[in-house]
Amino acid sequence: MQISARRIDNITIFDVIGDIDLANSPEVRKALLKELRESRVPRVVMNMSRVRYIDSSGVASLVEGLKASRDVGSRFILFGLSPSAREVLQLSRLLKIFEVYEDEAQAIA
Amino acid sequence: MLKLDFRSDPSMLCVVRGAIERLTEVTGFSAADSRSITRAVDEAITNIMRHSYKNHPGKEIVLQVLRLKPSARPDRGDGLVFLLCDRGPAVDPAKMQGRPLDEIKPGGLGLHFIRQSMDIVEFKRARGGNLLRLVKYLQPAAQPEAGKRREALADLGPTNR
């Protein structure tokens, strides 16, 4: 899994490539929390379009990001969910909790 | 059909997922079922790594996949049985409870994913190790079977994963 960040105005976009599972979800969590809690970026966006699989530990990292965003008054947005990622969020009843868009244009609008 | 003997290293998870996804596809499961089964097996192995082996790498995990004989359940046809064995200590049932999904908090979802995906989930302590048995039928359950499935899950008590 690779995670990289880019900045557009006051928005940080994380591009994630690969599966998010127990082997790397701590890395995702760390990156998200740093951007939300320390950098206090008003909007953090996760590009999930190249994440084919995410497990429960990855979902937990996203939930931590969501909670941190609420704590600091930021927006935390996901876009480009694969069928598998969408299923996982549906199964955990979190799909409606997250702010989810189809593509990057919608996510940063 | 398949036997994988591997270590409790999280980097092995993607290897196992790849094998299970291909195996379920060639067995005849739909793409959605294949993803679902792969997720269940992956979460079960993750549970072993985290809870049974407490994130220690290098511990043995054995996964066997067996083809279910159609005669076992003529109404459900063919299927797959997944047997996961680890040599960790007995699992504390109190730590293996799922959590209510209406709570928005990290963690506690793996067991829920396993139960959602599989037709049978059985856990037992055997020969000094933990044995998890997961079954998925190719044919979806008819309506009356749903009640039986719930009973089967309930029989597991608090020790299932």
# chains A, B, ... in the order shown; residues from 1 in each chain; ligands from 1
>>> interface_residues(of="chain B", to="chain A", cutoff="12 Å", atoms="only C-alpha atoms", output="MDAnalysis selection string")
chainID B and resid 8:15 17:18 21 31:50 55 57 98:117
>>> write_last_selection(atoms="C-alpha atoms", output="PDB file, in the first residue's frame")
ATOM      1  CA  SER B   8       1.309 -14.684  11.666  1.00  0.00           C
ATOM      2  CA  ASP B   9       2.843 -11.906   9.600  1.00  0.00           C
ATOM      3  CA  PRO B  10       0.260  -9.333   8.410  1.00  0.00           C
ATOM      4  CA  SER B  11       2.027  -9.127   5.054  1.00  0.00           C
ATOM      5  CA  MET B  12       0.712 -12.664   4.412  1.00  0.00           C
ATOM      6  CA  LEU B  13      -2.887 -11.481   4.474  1.00  0.00           C
ATOM      7  CA  CYS B  14      -2.853 -10.245   0.880  1.00  0.00           C
ATOM      8  CA  VAL B  15      -1.322 -13.535  -0.234  1.00  0.00           C
ATOM      9  CA  ARG B  17      -6.780 -13.180   0.052  1.00  0.00           C
ATOM     10  CA  GLY B  18      -5.474 -13.678  -3.470  1.00  0.00           C
ATOM     11  CA  GLU B  21     -10.539 -15.073  -4.128  1.00  0.00           C
ATOM     12  CA  ALA B  31     -18.129 -12.117  -7.635  1.00  0.00           C
ATOM     13  CA  ALA B  32     -20.007 -10.657  -4.668  1.00  0.00           C
ATOM     14  CA  ASP B  33     -19.918 -13.963  -2.755  1.00  0.00           C
ATOM     15  CA  SER B  34     -16.247 -14.368  -3.596  1.00  0.00           C
ATOM     16  CA  ARG B  35     -15.484 -10.947  -2.102  1.00  0.00           C
ATOM     17  CA  SER B  36     -17.622 -11.752   0.902  1.00  0.00           C
ATOM     18  CA  ILE B  37     -15.942 -15.103   1.597  1.00  0.00           C
ATOM     19  CA  THR B  38     -12.488 -13.625   1.089  1.00  0.00           C
ATOM     20  CA  ARG B  39     -13.353 -10.869   3.563  1.00  0.00           C
ATOM     21  CA  ALA B  40     -14.538 -13.399   6.161  1.00  0.00           C
ATOM     22  CA  VAL B  41     -11.398 -15.533   5.917  1.00  0.00           C
ATOM     23  CA  ASP B  42      -9.188 -12.437   5.975  1.00  0.00           C
ATOM     24  CA  GLU B  43     -10.921 -11.087   9.071  1.00  0.00           C
ATOM     25  CA  ALA B  44     -10.670 -14.471  10.791  1.00  0.00           C
ATOM     26  CA  ILE B  45      -6.922 -14.573  10.162  1.00  0.00           C
ATOM     27  CA  THR B  46      -6.593 -10.971  11.318  1.00  0.00           C
ATOM     28  CA  ASN B  47      -8.363 -11.962  14.534  1.00  0.00           C
ATOM     29  CA  ILE B  48      -5.880 -14.794  15.066  1.00  0.00           C
ATOM     30  CA  MET B  49      -2.916 -12.465  14.529  1.00  0.00           C
ATOM     31  CA  ARG B  50      -4.280  -9.772  16.811  1.00  0.00           C
ATOM     32  CA  ASN B  55       0.543  -9.366  17.083  1.00  0.00           C
ATOM     33  CA  PRO B  57       4.891 -12.539  14.035  1.00  0.00           C
ATOM     34  CA  GLY B  98     -18.995  -8.228  18.580  1.00  0.00           C
ATOM     35  CA  ARG B  99     -20.295  -4.786  19.293  1.00  0.00           C
ATOM     36  CA  PRO B 100     -23.567  -3.089  18.449  1.00  0.00           C
ATOM     37  CA  LEU B 101     -23.303  -1.533  15.014  1.00  0.00           C
ATOM     38  CA  ASP B 102     -25.210   1.569  16.004  1.00  0.00           C
ATOM     39  CA  GLU B 103     -22.117   2.736  17.862  1.00  0.00           C
ATOM     40  CA  ILE B 104     -19.774   4.769  15.702  1.00  0.00           C
ATOM     41  CA  LYS B 105     -16.383   3.758  16.937  1.00  0.00           C
ATOM     42  CA  PRO B 106     -13.338   1.970  15.591  1.00  0.00           C
ATOM     43  CA  GLY B 107     -12.858  -1.756  16.090  1.00  0.00           C
ATOM     44  CA  GLY B 108     -15.078  -4.762  16.739  1.00  0.00           C
ATOM     45  CA  LEU B 109     -16.232  -5.165  13.142  1.00  0.00           C
ATOM     46  CA  GLY B 110     -14.304  -8.269  12.065  1.00  0.00           C
ATOM     47  CA  LEU B 111     -16.572 -10.756  13.800  1.00  0.00           C
ATOM     48  CA  HIS B 112     -19.585  -9.024  12.338  1.00  0.00           C
ATOM     49  CA  PHE B 113     -18.167  -9.335   8.813  1.00  0.00           C
ATOM     50  CA  ILE B 114     -17.515 -13.048   9.328  1.00  0.00           C
ATOM     51  CA  ARG B 115     -21.042 -13.744  10.552  1.00  0.00           C
ATOM     52  CA  GLN B 116     -22.541 -11.726   7.722  1.00  0.00           C
ATOM     53  CA  SER B 117     -20.588 -13.618   5.088  1.00  0.00           C
TER      54      SER B 117
END
>>> select_by_dssp(residues="chain A", states="helix (DSSP H, G or I)", output="ChimeraX atom specification")
/A:25-38,56-72,83-91,104-108
>>> atom_distance(atom1="CA of Ser74 in chain A", atom2="CA of Gln90 in chain A")
23.3 Å
